[in-house]
$ cat upload16.tsv   # TSV, C-alpha atoms
chain	number	residue	atom	x	y	z
A	2	MET	CA	20.30	-22.24	-25.60
A	3	LEU	CA	17.30	-21.14	-23.57
A	4	HIS	CA	16.38	-23.33	-20.61
A	5	PRO	CA	13.99	-23.08	-17.65
A	6	LYS	CA	15.50	-21.23	-14.69
A	7	ALA	CA	15.70	-22.96	-11.34
A	8	SER	CA	14.77	-19.65	-9.69
A	9	PRO	CA	12.19	-17.99	-11.97
A	10	PHE	CA	11.95	-14.22	-12.29
A	11	SER	CA	8.98	-12.42	-10.74
A	12	LYS	CA	7.79	-8.81	-10.88
A	13	LEU	CA	5.44	-7.41	-8.26
A	14	GLU	CA	3.67	-4.05	-8.54
A	15	GLN	CA	1.73	-2.71	-5.59
A	16	ASP	CA	-0.32	0.50	-5.72
A	17	GLU	CA	-0.15	2.28	-2.39
A	18	GLY	CA	-2.42	5.30	-2.07
A	19	LEU	CA	-1.09	7.59	-4.79
A	20	SER	CA	2.25	5.79	-4.93
A	21	LYS	CA	3.55	2.57	-6.41
A	22	ILE	CA	6.09	0.01	-5.22
A	23	THR	CA	7.70	-2.30	-7.77
A	24	VAL	CA	9.84	-5.32	-6.88
A	25	GLU	CA	11.79	-7.40	-9.40
A	26	TYR	CA	13.38	-10.57	-8.04
A	27	SER	CA	14.02	-14.26	-8.63
A	28	ARG	CA	12.39	-16.96	-6.50
A	29	PRO	CA	14.63	-19.80	-5.32
A	30	SER	CA	13.03	-22.91	-3.81
A	31	ALA	CA	14.04	-24.70	-0.63
A	32	LYS	CA	14.21	-28.22	-2.15
A	33	GLY	CA	14.77	-29.76	1.26
A	34	ARG	CA	17.80	-27.61	2.03
A	35	THR	CA	18.59	-25.70	5.24
A	36	LEU	CA	17.85	-22.10	4.32
A	37	PHE	CA	19.23	-19.73	6.97
A	38	GLY	CA	22.18	-20.24	9.30
A	39	ASN	CA	23.92	-23.59	9.62
A	40	GLN	CA	22.94	-27.11	8.70
A	41	PRO	CA	22.61	-29.71	11.49
A	42	ASN	CA	26.20	-30.85	10.76
A	43	GLY	CA	27.50	-27.33	11.33
A	44	GLU	CA	28.11	-26.52	7.68
A	45	PRO	CA	26.65	-23.26	6.32
A	46	GLY	CA	23.12	-23.39	4.98
A	47	LEU	CA	21.93	-21.86	1.74
A	48	VAL	CA	22.00	-18.34	3.28
A	49	PRO	CA	24.66	-18.29	6.02
A	50	TYR	CA	24.34	-15.88	8.92
A	51	GLY	CA	26.44	-12.75	8.72
A	52	ARG	CA	26.91	-12.86	4.95
A	53	ILE	CA	25.28	-10.56	2.43
A	54	TRP	CA	22.21	-12.03	0.65
A	55	ARG	CA	20.67	-10.72	-2.56
A	56	VAL	CA	17.12	-11.37	-1.23
A	57	GLY	CA	16.33	-14.00	-3.84
A	58	ALA	CA	18.51	-15.50	-6.54
A	59	ASN	CA	20.30	-14.62	-9.79
A	60	GLU	CA	20.83	-10.86	-10.26
A	61	SER	CA	20.24	-8.45	-7.38
A	62	THR	CA	16.67	-7.81	-6.30
A	63	LYS	CA	15.44	-4.33	-7.26
A	64	ILE	CA	12.81	-2.24	-5.49
A	65	THR	CA	11.39	1.01	-6.86
A	66	PHE	CA	9.40	3.66	-4.96
A	67	SER	CA	7.49	6.20	-7.06
A	68	ASN	CA	7.50	8.76	-4.22
A	69	ASP	CA	9.60	9.57	-1.18
A	70	VAL	CA	8.90	7.04	1.54
A	71	LEU	CA	9.53	6.07	5.15
A	72	VAL	CA	10.93	2.55	5.56
A	73	GLY	CA	10.96	1.31	9.12
A	74	GLY	CA	10.40	4.92	10.15
A	75	TYR	CA	13.44	6.25	8.25
A	76	PRO	CA	13.26	8.50	5.17
A	77	LEU	CA	14.24	7.13	1.76
A	78	ALA	CA	14.12	9.15	-1.47
A	79	LYS	CA	12.02	7.91	-4.38
A	80	GLY	CA	13.94	5.80	-6.89
A	81	THR	CA	15.26	2.31	-7.53
A	82	TYR	CA	17.49	0.41	-5.11
A	83	ALA	CA	19.16	-2.98	-4.92
A	84	LEU	CA	17.73	-4.84	-1.96
A	85	TYR	CA	20.16	-6.78	0.26
A	86	ALA	CA	20.05	-8.42	3.66
A	87	PHE	CA	22.53	-9.53	6.31
A	88	PRO	CA	20.66	-12.29	8.21
A	89	GLU	CA	21.49	-13.26	11.77
A	90	GLU	CA	19.66	-15.57	14.13
A	91	LYS	CA	18.07	-12.78	16.21
A	92	LEU	CA	18.22	-9.68	13.99
A	93	TRP	CA	18.51	-8.95	10.27
A	94	GLU	CA	20.00	-5.86	8.66
A	95	ILE	CA	18.03	-4.81	5.57
A	96	VAL	CA	19.87	-2.68	3.01
A	97	PHE	CA	18.53	-0.36	0.31
A	98	HIS	CA	21.60	0.09	-1.90
A	99	LYS	CA	22.13	2.85	-4.47
A	100	ASN	CA	24.32	0.78	-6.81
A	101	THR	CA	21.94	-1.41	-8.83
A	102	SER	CA	24.55	-2.65	-11.32
A	103	HIS	CA	25.99	-5.54	-9.25
A	104	TRP	CA	25.20	-9.10	-10.25
A	105	GLY	CA	23.83	-11.09	-7.35
A	106	ASP	CA	25.02	-9.81	-4.02
A	107	GLY	CA	28.01	-7.92	-5.38
A	108	ARG	CA	30.42	-9.75	-3.08
A	109	ASP	CA	33.81	-7.93	-3.21
A	110	ASN	CA	32.30	-5.11	-5.27
A	111	TYR	CA	29.66	-4.32	-2.66
A	112	ASN	CA	30.48	-1.04	-0.92
A	113	ALA	CA	28.57	-0.09	2.24
A	114	ASP	CA	29.29	3.57	1.47
A	115	GLU	CA	26.75	3.22	-1.36
A	116	ASP	CA	23.96	2.18	1.02
A	117	ALA	CA	21.02	4.57	0.93
A	118	LEU	CA	19.47	3.08	4.07
A	119	ARG	CA	20.07	0.28	6.56
A	120	ILE	CA	17.43	-0.82	9.03
A	121	THR	CA	17.30	-3.64	11.57
A	122	VAL	CA	14.33	-6.00	11.81
A	123	GLU	CA	13.54	-9.05	13.88
A	124	PRO	CA	12.69	-12.25	12.00
A	125	SER	CA	9.63	-14.22	13.02
A	126	THR	CA	8.57	-17.83	12.62
A	127	ILE	CA	5.43	-18.63	10.64
A	128	SER	CA	3.26	-21.72	10.66
A	129	GLY	CA	3.40	-23.84	7.55
A	130	PHE	CA	6.25	-23.85	5.07
A	131	GLN	CA	6.89	-21.47	2.16
A	132	GLU	CA	8.69	-23.56	-0.47
A	133	SER	CA	9.58	-20.81	-2.96
A	134	PHE	CA	10.87	-17.49	-1.64
A	135	LEU	CA	8.02	-14.97	-1.70
A	136	ILE	CA	7.87	-11.18	-1.43
A	137	SER	CA	4.39	-9.75	-0.84
A	138	PHE	CA	2.60	-6.73	0.62
A	139	ASP	CA	-0.02	-6.91	3.37
A	140	ASP	CA	-2.02	-4.62	5.69
A	141	ILE	CA	-2.44	-2.07	2.89
A	142	ASP	CA	-4.17	1.29	3.30
A	143	HIS	CA	-3.86	4.74	1.68
A	144	ASN	CA	-0.70	5.56	3.62
A	145	GLY	CA	1.19	2.40	4.36
A	146	THR	CA	1.81	-1.30	4.02
A	147	TYR	CA	4.14	-4.05	5.21
A	148	MET	CA	6.54	-5.72	2.82
A	149	LYS	CA	6.72	-9.40	3.79
A	150	TRP	CA	9.48	-11.88	2.90
A	151	ASN	CA	8.54	-15.51	3.48
A	152	TRP	CA	10.83	-18.49	2.97
A	153	GLY	CA	10.66	-21.78	4.80
A	154	THR	CA	9.29	-20.90	8.22
A	155	THR	CA	10.99	-17.49	8.38
A	156	GLN	CA	9.23	-14.18	7.84
A	157	ILE	CA	10.63	-10.66	7.61
A	158	SER	CA	8.15	-7.78	7.90
A	159	ILE	CA	9.19	-4.25	6.88
A	160	PRO	CA	6.86	-1.26	7.52
A	161	ILE	CA	6.54	1.18	4.61
A	162	HIS	CA	4.79	4.55	4.86
A	163	PHE	CA	3.97	7.21	2.26
A	164	ASP	CA	2.82	10.74	3.14
A	165	THR	CA	-0.24	10.37	0.94
A	166	LYS	CA	-1.93	13.44	2.41
A	167	ALA	CA	0.97	15.66	1.34
A	168	ILE	CA	1.07	14.07	-2.12
A	169	MET	CA	-2.69	14.45	-2.46
A	170	ALA	CA	-2.59	18.10	-1.34
A	171	VAL	CA	-0.21	18.91	-4.18
A	172	GLN	CA	-2.38	17.08	-6.70
A	173	ILE	CA	-5.57	18.75	-5.43
A	174	ALA	CA	-3.99	22.20	-5.78
A	175	GLU	CA	-2.91	21.35	-9.34
A	176	LYS	CA	-6.34	20.00	-10.31
A	177	LEU	CA	-8.21	23.00	-8.87
A	178	SER	CA	-5.95	25.40	-10.77
A	179	THR	CA	-6.64	23.84	-14.20
A	180	SER	CA	-10.35	23.96	-15.11
A	181	PRO	CA	-11.76	21.49	-12.58
A	182	THR	CA	-14.77	19.43	-13.65
A	183	ALA	CA	-17.69	17.98	-11.68
A	184	GLN	CA	-15.70	14.73	-11.38
A	185	THR	CA	-12.70	16.65	-10.01
A	186	TYR	CA	-14.79	18.19	-7.24
A	187	TYR	CA	-16.46	14.86	-6.50
A	188	GLU	CA	-13.17	12.95	-6.22
A	189	ILE	CA	-11.71	15.55	-3.87
A	190	ALA	CA	-14.84	15.51	-1.71
A	191	ARG	CA	-14.83	11.73	-1.63
A	192	TYR	CA	-11.16	11.63	-0.64
A	193	TYR	CA	-11.71	14.13	2.17
A	194	GLN	CA	-14.70	12.14	3.42
A	195	GLU	CA	-12.81	8.82	3.35
A	196	GLN	CA	-9.87	10.38	5.19
A	197	ASN	CA	-12.08	12.16	7.74
A	198	ILE	CA	-10.54	15.56	6.98
A	199	ASN	CA	-11.68	19.00	5.74
A	200	ARG	CA	-15.37	18.14	6.15
A	201	ALA	CA	-16.78	21.61	5.50
A	202	GLU	CA	-14.62	21.97	2.40
A	203	ALA	CA	-15.68	18.49	1.28
A	204	LEU	CA	-19.34	19.55	1.45
A	205	THR	CA	-18.59	22.64	-0.65
A	206	PHE	CA	-16.83	20.49	-3.26
A	207	VAL	CA	-19.56	17.86	-3.53
A	208	ASP	CA	-22.17	20.64	-3.87
A	209	LYS	CA	-20.06	22.08	-6.67
A	210	ALA	CA	-19.95	18.64	-8.32
A	211	ILE	CA	-23.76	18.43	-8.24
A	212	GLU	CA	-24.04	21.99	-9.57
A	213	LEU	CA	-21.79	21.21	-12.55
A	214	GLY	CA	-22.59	17.56	-13.16
A	215	GLY	CA	-26.20	17.17	-12.11
A	216	ASP	CA	-27.80	14.60	-9.85
A	217	THR	CA	-26.11	11.19	-9.61
A	218	TYR	CA	-26.51	8.54	-6.96
A	219	TYR	CA	-22.80	8.61	-6.13
A	220	PHE	CA	-22.63	12.43	-5.78
A	221	HIS	CA	-25.57	12.41	-3.37
A	222	ARG	CA	-24.28	9.35	-1.51
A	223	VAL	CA	-20.99	11.06	-0.73
A	224	ARG	CA	-22.91	14.22	0.19
A	225	SER	CA	-24.99	12.20	2.68
A	226	LEU	CA	-21.85	10.74	4.27
A	227	ILE	CA	-20.23	14.14	4.63
A	228	LEU	CA	-23.38	15.59	6.22
A	229	ALA	CA	-23.49	12.67	8.66
A	230	ASP	CA	-19.83	13.29	9.53
A	231	LEU	CA	-20.87	16.87	10.28
A	232	LYS	CA	-23.68	15.40	12.46
A	233	ASN	CA	-26.35	17.03	10.30
A	234	TYR	CA	-28.38	13.83	10.22
A	235	GLU	CA	-31.62	15.32	8.88
A	236	GLU	CA	-29.87	16.64	5.76
A	237	ALA	CA	-27.84	13.43	5.50
A	238	ILE	CA	-31.06	11.41	5.40
A	239	ARG	CA	-32.51	13.69	2.70
A	240	ALA	CA	-29.38	13.28	0.58
A	241	ALA	CA	-29.35	9.51	1.11
A	242	LYS	CA	-33.00	9.28	-0.02
A	243	ILE	CA	-32.13	11.15	-3.22
A	244	SER	CA	-29.17	8.82	-3.79
A	245	MET	CA	-31.32	5.75	-3.11
A	246	LYS	CA	-33.99	6.87	-5.59
A	247	LEU	CA	-31.39	7.56	-8.30
A	248	ALA	CA	-29.70	4.22	-7.61
A	249	GLU	CA	-33.05	2.43	-7.96
A	250	LYS	CA	-33.53	3.98	-11.41
A	251	GLU	CA	-30.14	2.64	-12.53
A	252	GLY	CA	-30.59	-0.78	-10.98
A	253	LYS	CA	-27.76	-0.26	-8.51
A	254	ASP	CA	-29.15	-2.55	-5.82
A	255	GLU	CA	-26.01	-2.44	-3.70
A	256	PHE	CA	-26.23	1.35	-3.33
A	257	VAL	CA	-29.94	1.13	-2.58
A	258	ARG	CA	-29.07	-1.16	0.34
A	259	LEU	CA	-26.15	0.99	1.49
A	260	ASN	CA	-28.29	4.12	1.53
A	261	LYS	CA	-31.16	2.38	3.31
A	262	ASN	CA	-28.81	1.02	5.99
A	263	ASN	CA	-27.36	4.49	6.54
A	264	ILE	CA	-30.82	6.09	6.75
A	265	ASP	CA	-31.91	3.52	9.37
A	266	ARG	CA	-28.72	4.05	11.37
A	267	TRP	CA	-28.98	7.84	11.30
A	268	ILE	CA	-32.65	7.74	12.33
A	269	THR	CA	-31.64	5.56	15.28
A	270	THR	CA	-28.86	7.99	16.17
A	271	MET	CA	-31.27	10.93	16.10
A	272	THR	CA	-33.85	9.04	18.18
A	273	ASN	CA	-31.29	8.06	20.84
A	274	LYS	CA	-29.96	11.59	20.93
A	275	ASN	CA	-33.44	12.94	21.68
$ encode --input "upload16.tsv" --output "structure tokens"
Amino acid sequence: MLHPKASPFSKLEQDEGLSKITVEYSRPSAKGRTLFGNQPNGEPGLVPYGRIWRVGANESTKITFSNDVLVGGYPLAKGTYALYAFPEEKLWEIVFHKNTSHWGDGRDNYNADEDALRITVEPSTISGFQESFLISFDDIDHNGTYMKWNWGTTQISIPIHFDTKAIMAVQIAEKLSTSPTAQTYYEIARYYQEQNINRAEALTFVDKAIELGGDTYYFHRVRSLILADLKNYEEAIRAAKISMKLAEKEGKDEFVRLNKNNIDRWITTMTNKN
């Protein structure tokens, strides 16, 4: 007979640049119990120190990386791993395990030789109290994030890094070799501008986008930003004015304001420079 689970299943998907991280786990609740280490009477708590923990409840927690990754600064191949931990008072060992078939923590069937990666992290104490065990991602940008585990007043933070530039370089080469469109050139130019790289090439690509796709407020906006990055403020202002006029026609008030703010800032920069 079906019945509600005490530790409900949860699935978390986090896009990270051009990569994705997926976590599947169950979320136990504290329910007034001592979570890590020993109880006040000396008896083991829910997760005793020095013993393997499945990082949640029920079956083993699974984590999937869509691309090769650095975890805590160490390389880990793309794929799916069982996620385990060996908590201690001062330091935790975090394990990415190749055998995903174990139920729970594997106990006697767990074999350290099947570990893909072990790293050591220091737990921290948070304010407030997290009743149900929570895995989340924070401090996210194109290249990295931190995976956070919160339960009770304990937090584990694990740095994760993808080489998004290398992944993007492969994709750009593929896109440029197969009938690129105006949107293709625009997206590459925008990426280069956002990442502060390949500025001259970015200008060539956005010009190609305008040549193929015509005048749009977003093409000219990115063109203005690239020109400003190249310190060609006069041309940047001209491009921003074109973008602002096109945005006005489409009722894109936000982009009218963004362009106007940039124009004012670049005029100030030119005035101060002179």
$ closest_atom_pairs --input "upload16.tsv" --of "segment 35-141 of chain A" --to "segment 4-15 of chain A" --cutoff "12 Å" --atoms "all atoms listed in the file" --output "Markdown table"
| residue | atom | partner | partner_atom | distance |
| --- | --- | --- | --- | --- |
| A:Gly57 | CA | A:Ser8 | CA | 8.3 |
| A:Ala58 | CA | A:Ser8 | CA | 6.4 |
| A:Asn59 | CA | A:Ser8 | CA | 7.5 |
| A:Glu60 | CA | A:Phe10 | CA | 9.7 |
| A:Ser61 | CA | A:Phe10 | CA | 11.2 |
| A:Thr62 | CA | A:Phe10 | CA | 10.0 |
| A:Lys63 | CA | A:Lys12 | CA | 9.6 |
| A:Ile64 | CA | A:Leu13 | CA | 9.4 |
| A:Thr65 | CA | A:Glu14 | CA | 9.4 |
| A:Phe66 | CA | A:Gln15 | CA | 10.0 |
| A:Ser67 | CA | A:Gln15 | CA | 10.7 |
| A:Glu132 | CA | A:Ser8 | CA | 11.7 |
| A:Ser133 | CA | A:Ser8 | CA | 8.6 |
| A:Phe134 | CA | A:Ser8 | CA | 9.2 |
| A:Leu135 | CA | A:Ser11 | CA | 9.4 |
| A:Ile136 | CA | A:Leu13 | CA | 8.2 |
| A:Ser137 | CA | A:Leu13 | CA | 7.9 |
| A:Phe138 | CA | A:Gln15 | CA | 7.4 |
| A:Asp139 | CA | A:Gln15 | CA | 10.0 |
| A:Ile141 | CA | A:Gln15 | CA | 9.5 |
$ axis_aligned_box --input "upload16.tsv" --around "segment 21-36 of chain A" --padding-each-side "6 Å" --output "JSON"
{"center_x": 11.1, "center_y": -13.6, "center_z": -2.1, "size_x": 27.0, "size_y": 44.3, "size_z": 26.6}
$ closest_residue --input "upload16.tsv" --among "A:Leu226, A:Ile157, A:Met148, A:Ile95" --to "Glu17 of chain A" --atoms "all atoms listed in the file"
A:Met148
$ atom_distance --input "upload16.tsv" --atom1 "atom CA of Thr155 of chain A" --atom2 "atom CA of Thr126 of chain A"
4.9 Å
$ atom_distance --input "upload16.tsv" --atom1 "atom CA of Lys176 of chain A" --atom2 "atom CA of Asn144 of chain A"
20.8 Å
$ residues_around --input "upload16.tsv" --residues "Val56 of chain A" --least-positions-apart "5" --cutoff "12 Å" --atoms "all atoms listed in the file" --output "PyMOL selection string"
chain A and resi 24-29+37+47-48+61-64+83-88+93-97+105-106+134-136+149-152+157
$ residues_around --input "upload16.tsv" --residues "segment 111-115 of chain A" --least-positions-apart "5" --cutoff "9 Å" --atoms "all atoms listed in the file" --output "VMD selection string"
chain A and resid 98 to 100 103 106
$ build_atoms --input "upload16.tsv" --residues "segment 38-64 of chain A" --atoms "N, CA and C atoms" --output "PDB file, in the frame of the given file"
ATOM      1  N   GLY A  38      21.295 -19.774   8.244  1.00  0.00           N
ATOM      2  CA  GLY A  38      22.180 -20.240   9.300  1.00  0.00           C
ATOM      3  C   GLY A  38      22.941 -21.486   8.904  1.00  0.00           C
ATOM      4  N   ASN A  39      23.128 -22.383   9.842  1.00  0.00           N
ATOM      5  CA  ASN A  39      23.920 -23.590   9.620  1.00  0.00           C
ATOM      6  C   ASN A  39      23.062 -24.834   9.512  1.00  0.00           C
ATOM      7  N   GLN A  40      23.567 -25.808   8.767  1.00  0.00           N
ATOM      8  CA  GLN A  40      22.940 -27.110   8.700  1.00  0.00           C
ATOM      9  C   GLN A  40      23.161 -27.850  10.019  1.00  0.00           C
ATOM     10  N   PRO A  41      22.423 -28.945  10.250  1.00  0.00           N
ATOM     11  CA  PRO A  41      22.610 -29.710  11.490  1.00  0.00           C
ATOM     12  C   PRO A  41      24.051 -30.183  11.707  1.00  0.00           C
ATOM     13  N   ASN A  42      24.807 -30.397  10.618  1.00  0.00           N
ATOM     14  CA  ASN A  42      26.200 -30.850  10.760  1.00  0.00           C
ATOM     15  C   ASN A  42      27.172 -29.706  10.975  1.00  0.00           C
ATOM     16  N   GLY A  43      26.644 -28.473  11.088  1.00  0.00           N
ATOM     17  CA  GLY A  43      27.500 -27.330  11.330  1.00  0.00           C
ATOM     18  C   GLY A  43      27.958 -26.588  10.097  1.00  0.00           C
ATOM     19  N   GLU A  44      27.746 -27.177   8.929  1.00  0.00           N
ATOM     20  CA  GLU A  44      28.110 -26.520   7.680  1.00  0.00           C
ATOM     21  C   GLU A  44      27.115 -25.395   7.369  1.00  0.00           C
ATOM     22  N   PRO A  45      27.573 -24.367   6.636  1.00  0.00           N
ATOM     23  CA  PRO A  45      26.650 -23.260   6.320  1.00  0.00           C
ATOM     24  C   PRO A  45      25.459 -23.726   5.501  1.00  0.00           C
ATOM     25  N   GLY A  46      24.298 -23.130   5.776  1.00  0.00           N
ATOM     26  CA  GLY A  46      23.120 -23.390   4.980  1.00  0.00           C
ATOM     27  C   GLY A  46      23.140 -22.598   3.687  1.00  0.00           C
ATOM     28  N   LEU A  47      22.008 -22.545   3.035  1.00  0.00           N
ATOM     29  CA  LEU A  47      21.930 -21.860   1.740  1.00  0.00           C
ATOM     30  C   LEU A  47      22.222 -20.359   1.897  1.00  0.00           C
ATOM     31  N   VAL A  48      21.733 -19.752   2.976  1.00  0.00           N
ATOM     32  CA  VAL A  48      22.000 -18.340   3.280  1.00  0.00           C
ATOM     33  C   VAL A  48      22.654 -18.280   4.659  1.00  0.00           C
ATOM     34  N   PRO A  49      23.977 -18.276   4.716  1.00  0.00           N
ATOM     35  CA  PRO A  49      24.660 -18.290   6.020  1.00  0.00           C
ATOM     36  C   PRO A  49      24.427 -16.991   6.786  1.00  0.00           C
ATOM     37  N   TYR A  50      24.443 -17.081   8.097  1.00  0.00           N
ATOM     38  CA  TYR A  50      24.340 -15.880   8.920  1.00  0.00           C
ATOM     39  C   TYR A  50      25.575 -15.010   8.719  1.00  0.00           C
ATOM     40  N   GLY A  51      25.336 -13.691   8.771  1.00  0.00           N
ATOM     41  CA  GLY A  51      26.440 -12.750   8.720  1.00  0.00           C
ATOM     42  C   GLY A  51      26.962 -12.437   7.336  1.00  0.00           C
ATOM     43  N   ARG A  52      26.446 -13.089   6.313  1.00  0.00           N
ATOM     44  CA  ARG A  52      26.910 -12.860   4.950  1.00  0.00           C
ATOM     45  C   ARG A  52      25.819 -12.155   4.150  1.00  0.00           C
ATOM     46  N   ILE A  53      26.234 -11.289   3.235  1.00  0.00           N
ATOM     47  CA  ILE A  53      25.280 -10.560   2.430  1.00  0.00           C
ATOM     48  C   ILE A  53      24.445 -11.523   1.582  1.00  0.00           C
ATOM     49  N   TRP A  54      23.137 -11.230   1.464  1.00  0.00           N
ATOM     50  CA  TRP A  54      22.210 -12.030   0.650  1.00  0.00           C
ATOM     51  C   TRP A  54      21.481 -11.112  -0.310  1.00  0.00           C
ATOM     52  N   ARG A  55      21.299 -11.554  -1.524  1.00  0.00           N
ATOM     53  CA  ARG A  55      20.670 -10.720  -2.560  1.00  0.00           C
ATOM     54  C   ARG A  55      19.145 -10.690  -2.456  1.00  0.00           C
ATOM     55  N   VAL A  56      18.573 -11.329  -1.444  1.00  0.00           N
ATOM     56  CA  VAL A  56      17.120 -11.370  -1.230  1.00  0.00           C
ATOM     57  C   VAL A  56      16.449 -12.033  -2.434  1.00  0.00           C
ATOM     58  N   GLY A  57      16.855 -13.252  -2.699  1.00  0.00           N
ATOM     59  CA  GLY A  57      16.330 -14.000  -3.840  1.00  0.00           C
ATOM     60  C   GLY A  57      17.453 -14.776  -4.488  1.00  0.00           C
ATOM     61  N   ALA A  58      17.482 -14.779  -5.800  1.00  0.00           N
ATOM     62  CA  ALA A  58      18.510 -15.500  -6.540  1.00  0.00           C
ATOM     63  C   ALA A  58      18.863 -14.713  -7.802  1.00  0.00           C
ATOM     64  N   ASN A  59      19.858 -15.217  -8.532  1.00  0.00           N
ATOM     65  CA  ASN A  59      20.300 -14.620  -9.790  1.00  0.00           C
ATOM     66  C   ASN A  59      20.770 -13.183  -9.574  1.00  0.00           C
ATOM     67  N   GLU A  60      20.357 -12.231 -10.433  1.00  0.00           N
ATOM     68  CA  GLU A  60      20.830 -10.860 -10.260  1.00  0.00           C
ATOM     69  C   GLU A  60      20.227 -10.247  -9.005  1.00  0.00           C
ATOM     70  N   SER A  61      20.720  -9.076  -8.616  1.00  0.00           N
ATOM     71  CA  SER A  61      20.240  -8.450  -7.380  1.00  0.00           C
ATOM     72  C   SER A  61      18.764  -8.090  -7.483  1.00  0.00           C
ATOM     73  N   THR A  62      18.080  -8.200  -6.370  1.00  0.00           N
ATOM     74  CA  THR A  62      16.670  -7.810  -6.300  1.00  0.00           C
ATOM     75  C   THR A  62      16.578  -6.293  -6.334  1.00  0.00           C
ATOM     76  N   LYS A  63      15.620  -5.777  -7.117  1.00  0.00           N
ATOM     77  CA  LYS A  63      15.440  -4.330  -7.260  1.00  0.00           C
ATOM     78  C   LYS A  63      14.081  -3.932  -6.685  1.00  0.00           C
ATOM     79  N   ILE A  64      14.061  -2.804  -5.988  1.00  0.00           N
ATOM     80  CA  ILE A  64      12.810  -2.240  -5.490  1.00  0.00           C
ATOM     81  C   ILE A  64      12.751  -0.779  -5.896  1.00  0.00           C
TER      82      ILE A  64
END
